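Undergrad: Got a structure here, written out as structure tokens. Questions coming.
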Amino acid sequence: MGLSRLAALHGVATSFSPSPDVTVSVPDDTVTAVLAALGVDAHTPAEVRRSLDAAESAAASRLLPPTVVAWSGEPLPTALTALPPGAVLTVDPEPGATDAPSSLRMRVLPAPAAPAPDAPRTPSWWAEPPLGVHRLTVRTPDHRYASATLVVAPDRVPQPPARTHGFLVQLYSMLSARSWGMGDLADLADLAAWAGRTLGSDFVQINPLHAAVPGRPTDPSPYRPSSRRFPDPVHLHIESIPEYGHVAEPGRAALDDLRQEAAALREAVLNKGALIDRDAVRDLKNQALEIVHEVPLTPGRRAAYCDFLAEQGQALEDHALWCALAEVHGPLWRSWPAGLRDPRSPESARARTALLDRVDFHSRLAWLTDTQLATAQRAARESGMAVGIVHDLAVGVHPDGADTWAQQDAYAHGMSVGAPPDAFNAHGQDWGLPPWRPDALAASAYAPYRTLLRGLLAHAGALRIDHVMGLFRLWWVPEGCPPTEGAYVSQDAEAMLAVLVLEAHRAGAVVIGEDLGTVEPGVREALARRGVLGTSVLWFERDWDGTGRPLAPETWRRDCVATATTHDLPSTAARLTGEHVTLRHRLGLLTRSLDQELAEDAADTAEWLAYLARLRLLPEGDGDEEAAVRAVHRFLLRTPARMTGVWLPDTVGDRRPQNLPGTWDQYPNWRLPVADAEGHPVTLEEITASPRLHRLMAVLRGGPEARTAPPGARPS
């Protein structure tokens with residue numbers, strides 16, 4: 001009981017439910033290991049007693065929790081209303097707040113014995129501070145003192161217009177005739193400008209552009225980056241860098257040679273069956289960037305770069321130093337010389353000086369990438385898009401990447417995020433991503449989280465959060481243990497949500513949560529209350545608590561992105577034809593016979609198609625696969641969903657998934673270009689000219705009348 005009580009006080013669950021009627025206990029060894037990662041000693045009964053006594057004593061004497069959240073215009077949290085009368089609160093606004101006094105002081109007044117029915121929602125003594133993350137201190141009449149972080153947030157994030165549609169695409173997969181072997185930020189800007197002006201689209205959602213761990217081979221997954229705080233320069237379009245045009249000989253000839261090599265890479269992917277080779281692309285671009293870096297910045301450009309350095313501060317210095325050290329010692333910082341494993345050590349300070357040119361180079365790349373991200377969002381908004389670019393936030397980072405080196409105190413080392421065993425995966429999952437320590441986040445006033453969000457939202461119309469349930473709890477797996485022997489660790493969900501809402505409000509950005517799969521009760525409701533949209537995929541939307549049949553479109557939730565598929569699921573064409581089942585069979589991933597799997601899949605698809613026909617969304621006799629894809633999207637438009645996402649590969653009939661969960665070398669995850677129905681890769685130029693795409697997008701634009709609209713016109 002002592003260990004369970006100690007675990008509960010630190011947010012560690014000692015059991016979990018893989019299904020509604022089943023509860024599984026977490027092994028004591030797991031609980032002990034997780035507590036150790038949180039800085040709590042529980043290895044012996046005596047240590048459990050000592051740690052428990054300390055935790056209970058701290059809880060009993062605590063005047064305030066580590067973080068207090070006040071939602072603008074809503075009743076005060078209990079942490080404040082429960083303070084004794086006469087207590088004095090002092091609020092010191094966050095640094096940089098220009099619309100607030102240097103501090104606010106309030107004295108708690110006794111609550112009325114019988115409040116009037118029309119009494120205000122907040123007590124009369126409360127003077128709401130400006131939105132922000134502030135420092136709150138309390139002194140009571142009996143001379144007790146406490147301090148906490150006070151987050152004052154608006155009640156909801158910004159919302160998109162009632163009905164919008166747009167594309168979902170993995171940027172690397174969308175090559176143009178000018179790409180250097182993979183899609184880049186110029187391609188993104190071009191797609192957004194075209195889609196907004198020609199199709200009336202309102203957003204383009206892309207994969208995470210986080211900085212990858214360098215090395216050969218680079219992990220191709222965009223969801224296991226070195227850093228989530230800075231984008232990867234591999235997405236740069238080299239020719240769009242202003243200094244590119246001023247390169248003189250012999251650098252110009254070298255650039256021309258590199259462009260020829262890049263053209264060969266592109267040709268191999270588009271016409272010779274080659275996979276996207278990020279390592280080769282990165283090598284070519286790095287060589288080009290070294291040449292371009294020799295061109296001096298103009299005075300105006302130099303001033304803009306200096307402003308960027310000042311804005312990013314220590315975070316960029318650390319990131320650039322990690323990149324420079326990785327060039328010398330390799331990308332795995334735990335194997336570096338001991339003194340360099342600490343970013344604040346004297347050895348690291350000396351390295352900053354010794355590697356100053358390389359630190360400047362990597363800082364410059366971060367700035368160039370930031371400017372092209374800004375250009376893409378500007379192109380999207382200037383095309384008439386209501387939202388623009390939807391960026392994606394991965395769940396975590398690589399254990400040996402730049403973020404874990406620079407922010408070591410924020411991470412629970414020796415732990416990995418994953419998923420518990422459930423009805424779909426009896427072995428659970430280990431994603432190899434170290435989690436943030438909830439206590440460290442609270443102690444830092446959520447500084448790592450706030451700066452992460454601020455950077456991602458700087459040039460975003462919306463932010464998608466992968467596995468948004470992680471704002472509430474995450475499954476921690478101790479190093480060396482199977483995923484079945486993990487435990488849930490709770491976050492301060494109210495604080496995580498408040499910081500998210502605050503930063504989205506400041507950026508004027510929509511927030512989308514990926515909430516597919518098993519979701520803890522109350523999570524979707526809490527997210528919806530704060531305006532965070534969910535994700536609804538057609539094939540999963542059934543009346544699971546009742547008939548099990550497809551959910552009627554009018555009963556879908558309004559606050560979501562409705563789509564037919566995602567990067568982790570089969571394309572719509574593959575689902576309709578059953579090709580995704582035969583693919584998994586070829587790779588040995590099925591747990592039942594091929595005939596059983598095909599029969600079940602065919603029955604599922606037939607039920608959906610019959611339902612679409614009953615709704616008169618699939619014209620009688622129009623039974624080809626392309627017509628069915630259009631019918632699926634007509635159905636999505638029947639739902640009240642605020643946003644409808646079209647998987648760009650679906651517009652040209654692509655059969656191949658971008659990622660096949662459960663595979664590594666068996667399938668080329670994250671390395672495939674968009675292809676047509678015959679499997680031939682297609683360029684951005686070919687995609688935008690595709691008759692199949694225009695037939696599908698006519699559905700999204702409102703039917704036959706949209707097909708006769710002049711180019712560039714937006715349906716009313």
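Every chain in the structure tokens takes a letter, A first, then B, and so on in the order presented; its residues are numbered from 1, and the ligands are numbered from 1 following the presented order.
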For stretch 163-177 of chain A, find every residue with an atom within 6 Å (counting only C-alpha atoms), except residues of its own chain fewer than 2 positions away, and show them as a ChimeraX atom specification.
TA: /A:161,179,182-183,201-207,642-648,672-674,683-684
Undergrad: According to DSSP computed on the backbone, where in stretch 288-443 of chain A is there alpha helix (DSSP H)? Give the residues as an mmCIF file with N, CA and C atoms, in the first residue's frame.
TA:
```cif
data_model
loop_
_atom_site.group_PDB
_atom_site.id
_atom_site.type_symbol
_atom_site.label_atom_id
_atom_site.label_comp_id
_atom_site.auth_asym_id
_atom_site.auth_seq_id
_atom_site.Cartn_x
_atom_site.Cartn_y
_atom_site.Cartn_z
ATOM 1 N N ALA A 288 25.876 22.650 -50.917
ATOM 2 C CA ALA A 288 25.413 23.905 -51.513
ATOM 3 C C ALA A 288 25.331 25.010 -50.469
ATOM 4 N N LEU A 289 24.853 24.674 -49.289
ATOM 5 C CA LEU A 289 24.707 25.677 -48.235
ATOM 6 C C LEU A 289 26.065 26.182 -47.753
ATOM 7 N N GLU A 290 27.063 25.319 -47.750
ATOM 8 C CA GLU A 290 28.415 25.763 -47.384
ATOM 9 C C GLU A 290 28.900 26.825 -48.378
ATOM 10 N N ILE A 291 28.609 26.632 -49.650
ATOM 11 C CA ILE A 291 29.029 27.596 -50.668
ATOM 12 C C ILE A 291 28.257 28.906 -50.518
ATOM 13 N N VAL A 292 26.941 28.804 -50.351
ATOM 14 C CA VAL A 292 26.104 29.994 -50.213
ATOM 15 C C VAL A 292 26.477 30.768 -48.952
ATOM 16 N N HIS A 293 26.886 30.055 -47.921
ATOM 17 C CA HIS A 293 27.224 30.687 -46.643
ATOM 18 C C HIS A 293 28.412 31.646 -46.777
ATOM 19 N N PRO A 299 23.325 44.470 -45.466
ATOM 20 C CA PRO A 299 23.045 45.052 -44.146
ATOM 21 C C PRO A 299 21.656 44.729 -43.618
ATOM 22 N N GLY A 300 20.655 44.801 -44.485
ATOM 23 C CA GLY A 300 19.298 44.492 -44.030
ATOM 24 C C GLY A 300 19.136 43.042 -43.645
ATOM 25 N N ARG A 301 19.733 42.155 -44.438
ATOM 26 C CA ARG A 301 19.663 40.728 -44.131
ATOM 27 C C ARG A 301 20.441 40.427 -42.851
ATOM 28 N N ARG A 302 21.574 41.060 -42.672
ATOM 29 C CA ARG A 302 22.357 40.860 -41.452
ATOM 30 C C ARG A 302 21.561 41.308 -40.232
ATOM 31 N N ALA A 303 20.843 42.426 -40.346
ATOM 32 C CA ALA A 303 20.031 42.907 -39.222
ATOM 33 C C ALA A 303 18.910 41.920 -38.903
ATOM 34 N N ALA A 304 18.291 41.365 -39.949
ATOM 35 C CA ALA A 304 17.216 40.392 -39.727
ATOM 36 C C ALA A 304 17.756 39.133 -39.058
ATOM 37 N N TYR A 305 18.942 38.695 -39.480
ATOM 38 C CA TYR A 305 19.564 37.512 -38.882
ATOM 39 C C TYR A 305 19.896 37.766 -37.412
ATOM 40 N N CYS A 306 20.427 38.944 -37.122
ATOM 41 C CA CYS A 306 20.750 39.270 -35.729
ATOM 42 C C CYS A 306 19.494 39.327 -34.867
ATOM 43 N N ASP A 307 18.412 39.837 -35.415
ATOM 44 C CA ASP A 307 17.144 39.842 -34.682
ATOM 45 C C ASP A 307 16.704 38.412 -34.363
ATOM 46 N N PHE A 308 16.856 37.526 -35.335
ATOM 47 C CA PHE A 308 16.475 36.122 -35.137
ATOM 48 C C PHE A 308 17.323 35.492 -34.037
ATOM 49 N N LEU A 309 18.621 35.750 -34.053
ATOM 50 C CA LEU A 309 19.499 35.210 -33.010
ATOM 51 C C LEU A 309 19.072 35.704 -31.630
ATOM 52 N N ALA A 310 18.735 36.990 -31.550
ATOM 53 C CA ALA A 310 18.328 37.553 -30.264
ATOM 54 C C ALA A 310 17.012 36.955 -29.793
ATOM 55 N N GLU A 311 16.093 36.764 -30.713
ATOM 56 C CA GLU A 311 14.788 36.197 -30.346
ATOM 57 C C GLU A 311 14.929 34.756 -29.865
ATOM 58 N N GLN A 312 15.765 33.981 -30.509
ATOM 59 C CA GLN A 312 15.891 32.562 -30.178
ATOM 60 C C GLN A 312 16.785 32.330 -28.965
ATOM 61 N N GLY A 313 17.775 33.185 -28.769
ATOM 62 C CA GLY A 313 18.585 33.154 -27.564
ATOM 63 C C GLY A 313 19.320 31.847 -27.324
ATOM 64 N N GLN A 314 19.312 31.446 -26.042
ATOM 65 C CA GLN A 314 20.079 30.282 -25.600
ATOM 66 C C GLN A 314 19.656 29.004 -26.317
ATOM 67 N N ALA A 315 18.367 28.892 -26.626
ATOM 68 C CA ALA A 315 17.874 27.666 -27.262
ATOM 69 C C ALA A 315 18.572 27.423 -28.593
ATOM 70 N N LEU A 316 18.695 28.459 -29.416
ATOM 71 C CA LEU A 316 19.363 28.296 -30.703
ATOM 72 C C LEU A 316 20.863 28.098 -30.527
ATOM 73 N N GLU A 317 21.461 28.798 -29.587
ATOM 74 C CA GLU A 317 22.892 28.593 -29.327
ATOM 75 C C GLU A 317 23.172 27.135 -28.997
ATOM 76 N N ASP A 318 22.347 26.560 -28.130
ATOM 77 C CA ASP A 318 22.538 25.160 -27.749
ATOM 78 C C ASP A 318 22.332 24.232 -28.941
ATOM 79 N N HIS A 319 21.272 24.479 -29.704
ATOM 80 C CA HIS A 319 20.979 23.612 -30.850
ATOM 81 C C HIS A 319 22.121 23.654 -31.865
ATOM 82 N N ALA A 320 22.591 24.860 -32.164
ATOM 83 C CA ALA A 320 23.662 24.993 -33.153
ATOM 84 C C ALA A 320 24.964 24.377 -32.642
ATOM 85 N N LEU A 321 25.236 24.521 -31.339
ATOM 86 C CA LEU A 321 26.440 23.902 -30.784
ATOM 87 C C LEU A 321 26.336 22.385 -30.851
ATOM 88 N N TRP A 322 25.157 21.832 -30.539
ATOM 89 C CA TRP A 322 24.994 20.373 -30.642
ATOM 90 C C TRP A 322 25.280 19.921 -32.068
ATOM 91 N N CYS A 323 24.754 20.656 -33.071
ATOM 92 C CA CYS A 323 24.992 20.291 -34.467
ATOM 93 C C CYS A 323 26.484 20.342 -34.793
ATOM 94 N N ALA A 324 27.173 21.359 -34.274
ATOM 95 C CA ALA A 324 28.607 21.483 -34.535
ATOM 96 C C ALA A 324 29.393 20.360 -33.857
ATOM 97 N N LEU A 325 29.036 20.045 -32.611
ATOM 98 C CA LEU A 325 29.714 18.955 -31.910
ATOM 99 C C LEU A 325 29.429 17.606 -32.559
ATOM 100 N N ALA A 326 28.231 17.428 -33.091
ATOM 101 C CA ALA A 326 27.888 16.168 -33.755
ATOM 102 C C ALA A 326 28.732 15.958 -35.002
ATOM 103 N N GLU A 327 29.136 17.040 -35.664
ATOM 104 C CA GLU A 327 30.022 16.915 -36.826
ATOM 105 C C GLU A 327 31.388 16.364 -36.412
ATOM 106 N N VAL A 328 31.809 16.684 -35.191
ATOM 107 C CA VAL A 328 33.132 16.269 -34.712
ATOM 108 C C VAL A 328 33.083 14.904 -34.032
ATOM 109 N N HIS A 329 32.077 14.702 -33.177
ATOM 110 C CA HIS A 329 32.054 13.525 -32.307
ATOM 111 C C HIS A 329 30.949 12.522 -32.643
ATOM 112 N N PRO A 346 32.398 23.797 -18.482
ATOM 113 C CA PRO A 346 33.490 24.619 -19.033
ATOM 114 C C PRO A 346 33.958 24.100 -20.398
ATOM 115 N N GLU A 347 33.963 22.774 -20.564
ATOM 116 C CA GLU A 347 34.385 22.202 -21.850
ATOM 117 C C GLU A 347 33.442 22.626 -22.979
ATOM 118 N N SER A 348 32.136 22.622 -22.702
ATOM 119 C CA SER A 348 31.177 23.051 -23.721
ATOM 120 C C SER A 348 31.316 24.543 -24.011
ATOM 121 N N ALA A 349 31.619 25.326 -22.982
ATOM 122 C CA ALA A 349 31.831 26.766 -23.187
ATOM 123 C C ALA A 349 33.032 27.002 -24.102
ATOM 124 N N ARG A 350 34.096 26.236 -23.884
ATOM 125 C CA ARG A 350 35.277 26.380 -24.747
ATOM 126 C C ARG A 350 34.955 25.926 -26.173
ATOM 127 N N ALA A 351 34.122 24.893 -26.290
ATOM 128 C CA ALA A 351 33.749 24.406 -27.622
ATOM 129 C C ALA A 351 32.944 25.456 -28.390
ATOM 130 N N ARG A 352 32.129 26.229 -27.684
ATOM 131 C CA ARG A 352 31.365 27.290 -28.351
ATOM 132 C C ARG A 352 32.313 28.279 -29.033
ATOM 133 N N THR A 353 33.423 28.562 -28.394
ATOM 134 C CA THR A 353 34.403 29.484 -28.967
ATOM 135 C C THR A 353 35.196 28.816 -30.090
ATOM 136 N N ALA A 354 35.642 27.602 -29.839
ATOM 137 C CA ALA A 354 36.469 26.911 -30.827
ATOM 138 C C ALA A 354 35.696 26.607 -32.105
ATOM 139 N N LEU A 356 33.055 28.341 -33.286
ATOM 140 C CA LEU A 356 32.179 29.482 -33.512
ATOM 141 C C LEU A 356 31.674 29.550 -34.952
ATOM 142 N N ASP A 357 32.557 29.285 -35.927
ATOM 143 C CA ASP A 357 32.138 29.352 -37.328
ATOM 144 C C ASP A 357 31.067 28.312 -37.630
ATOM 145 N N ARG A 358 31.227 27.108 -37.081
ATOM 146 C CA ARG A 358 30.231 26.053 -37.332
ATOM 147 C C ARG A 358 28.926 26.354 -36.589
ATOM 148 N N VAL A 359 29.024 26.919 -35.399
ATOM 149 C CA VAL A 359 27.815 27.313 -34.666
ATOM 150 C C VAL A 359 27.061 28.370 -35.462
ATOM 151 N N ASP A 360 27.800 29.333 -36.034
ATOM 152 C CA ASP A 360 27.150 30.355 -36.860
ATOM 153 C C ASP A 360 26.515 29.734 -38.095
ATOM 154 N N PHE A 361 27.185 28.780 -38.713
ATOM 155 C CA PHE A 361 26.635 28.114 -39.897
ATOM 156 C C PHE A 361 25.291 27.459 -39.578
ATOM 157 N N HIS A 362 25.238 26.701 -38.501
ATOM 158 C CA HIS A 362 23.985 26.010 -38.172
ATOM 159 C C HIS A 362 22.915 26.984 -37.686
ATOM 160 N N SER A 363 23.317 28.059 -37.047
ATOM 161 C CA SER A 363 22.344 29.087 -36.670
ATOM 162 C C SER A 363 21.759 29.740 -37.924
ATOM 163 N N ARG A 364 22.627 29.986 -38.910
ATOM 164 C CA ARG A 364 22.167 30.583 -40.171
ATOM 165 C C ARG A 364 21.170 29.660 -40.867
ATOM 166 N N LEU A 365 21.420 28.362 -40.843
ATOM 167 C CA LEU A 365 20.496 27.420 -41.478
ATOM 168 C C LEU A 365 19.132 27.456 -40.799
ATOM 169 N N ALA A 366 19.135 27.568 -39.477
ATOM 170 C CA ALA A 366 17.858 27.663 -38.758
ATOM 171 C C ALA A 366 17.103 28.912 -39.183
ATOM 172 N N TRP A 367 17.824 30.010 -39.353
ATOM 173 C CA TRP A 367 17.191 31.261 -39.777
ATOM 174 C C TRP A 367 16.655 31.150 -41.197
ATOM 175 N N LEU A 368 17.433 30.599 -42.109
ATOM 176 C CA LEU A 368 16.984 30.448 -43.493
ATOM 177 C C LEU A 368 15.735 29.580 -43.573
ATOM 178 N N THR A 369 15.728 28.506 -42.801
ATOM 179 C CA THR A 369 14.554 27.625 -42.802
ATOM 180 C C THR A 369 13.349 28.349 -42.240
ATOM 181 N N ASP A 370 13.556 29.126 -41.190
ATOM 182 C CA ASP A 370 12.470 29.901 -40.616
ATOM 183 C C ASP A 370 11.901 30.885 -41.628
ATOM 184 N N THR A 371 12.757 31.534 -42.404
ATOM 185 C CA THR A 371 12.256 32.496 -43.386
ATOM 186 C C THR A 371 11.449 31.812 -44.483
ATOM 187 N N GLN A 372 11.857 30.603 -44.888
ATOM 188 C CA GLN A 372 11.082 29.907 -45.918
ATOM 189 C C GLN A 372 9.772 29.355 -45.360
ATOM 190 N N LEU A 373 9.759 29.003 -44.084
ATOM 191 C CA LEU A 373 8.487 28.631 -43.458
ATOM 192 C C LEU A 373 7.529 29.823 -43.454
ATOM 193 N N ALA A 374 8.058 30.998 -43.154
ATOM 194 C CA ALA A 374 7.235 32.206 -43.162
ATOM 195 C C ALA A 374 6.705 32.486 -44.559
ATOM 196 N N THR A 375 7.534 32.276 -45.564
ATOM 197 C CA THR A 375 7.118 32.496 -46.949
ATOM 198 C C THR A 375 5.983 31.556 -47.339
ATOM 199 N N ALA A 376 6.066 30.303 -46.906
ATOM 200 C CA ALA A 376 5.013 29.333 -47.231
ATOM 201 C C ALA A 376 3.687 29.735 -46.607
ATOM 202 N N GLN A 377 3.706 30.142 -45.335
ATOM 203 C CA GLN A 377 2.466 30.558 -44.685
ATOM 204 C C GLN A 377 1.917 31.838 -45.323
ATOM 205 N N ARG A 378 2.802 32.740 -45.673
ATOM 206 C CA ARG A 378 2.353 33.976 -46.324
ATOM 207 C C ARG A 378 1.712 33.664 -47.679
ATOM 208 N N ALA A 379 2.308 32.748 -48.442
ATOM 209 C CA ALA A 379 1.731 32.364 -49.732
ATOM 210 C C ALA A 379 0.355 31.741 -49.546
ATOM 211 N N ALA A 380 0.215 30.934 -48.503
ATOM 212 C CA ALA A 380 -1.077 30.297 -48.234
ATOM 213 C C ALA A 380 -2.143 31.339 -47.916
ATOM 214 N N ARG A 381 -1.829 32.266 -47.040
ATOM 215 C CA ARG A 381 -2.824 33.276 -46.653
ATOM 216 C C ARG A 381 -3.128 34.240 -47.792
ATOM 217 N N GLU A 382 -2.115 34.599 -48.575
ATOM 218 C CA GLU A 382 -2.347 35.503 -49.701
ATOM 219 C C GLU A 382 -3.174 34.856 -50.797
ATOM 220 N N ALA A 402 19.459 16.590 -30.034
ATOM 221 C CA ALA A 402 19.838 17.909 -29.532
ATOM 222 C C ALA A 402 18.991 18.344 -28.345
ATOM 223 N N ASP A 403 17.701 18.043 -28.373
ATOM 224 C CA ASP A 403 16.831 18.506 -27.288
ATOM 225 C C ASP A 403 17.168 17.839 -25.962
ATOM 226 N N THR A 404 17.422 16.531 -25.999
ATOM 227 C CA THR A 404 17.723 15.848 -24.731
ATOM 228 C C THR A 404 19.077 16.272 -24.183
ATOM 229 N N TRP A 405 19.993 16.691 -25.057
ATOM 230 C CA TRP A 405 21.290 17.202 -24.595
ATOM 231 C C TRP A 405 21.132 18.578 -23.961
ATOM 232 N N ALA A 406 20.385 19.447 -24.629
ATOM 233 C CA ALA A 406 20.269 20.827 -24.165
ATOM 234 C C ALA A 406 19.333 20.975 -22.977
ATOM 235 N N PRO A 438 6.938 15.646 -15.716
ATOM 236 C CA PRO A 438 5.910 16.631 -15.344
ATOM 237 C C PRO A 438 6.362 17.577 -14.236
ATOM 238 N N ASP A 439 7.129 17.044 -13.246
ATOM 239 C CA ASP A 439 7.576 17.910 -12.152
ATOM 240 C C ASP A 439 8.584 18.948 -12.638
ATOM 241 N N ALA A 440 9.436 18.575 -13.587
ATOM 242 C CA ALA A 440 10.417 19.521 -14.118
ATOM 243 C C ALA A 440 9.734 20.603 -14.949
ATOM 244 N N LEU A 441 8.727 20.218 -15.711
ATOM 245 C CA LEU A 441 7.972 21.222 -16.470
ATOM 246 C C LEU A 441 7.341 22.237 -15.533
ATOM 247 N N ALA A 442 6.702 21.747 -14.469
ATOM 248 C CA ALA A 442 6.045 22.651 -13.522
ATOM 249 C C ALA A 442 7.068 23.574 -12.858
ATOM 250 N N ALA A 443 8.214 23.020 -12.474
ATOM 251 C CA ALA A 443 9.232 23.824 -11.789
ATOM 252 C C ALA A 443 9.794 24.920 -12.685
#
```
Undergrad: Need the shell around A:Leu497: protein/DNA/RNA residues with any atom at most 8 Å away, counting only C-alpha atoms. Skip same-chain ones fewer than 4 positions apart. Format as JSON, numbers by chain?
TA: {"A": [471, 493, 501, 527, 530]}
Undergrad: One decimal, Å: what's the distance from atom CA of A:Gly73 over to atom CA of A:Asp155, could you say?
TA: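 Calculated distance between atom CA of A:Gly73 and atom CA of A:Asp155 is 7.5 Å.
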Undergrad: I'd like to know which of A:Ile389, A:Ala254, A:Ala528, A:Ala426 is closest to A:Arg464, using only C-alpha atoms.
TA: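 Closest to A:Arg464 of all the choices is A:Ile389.
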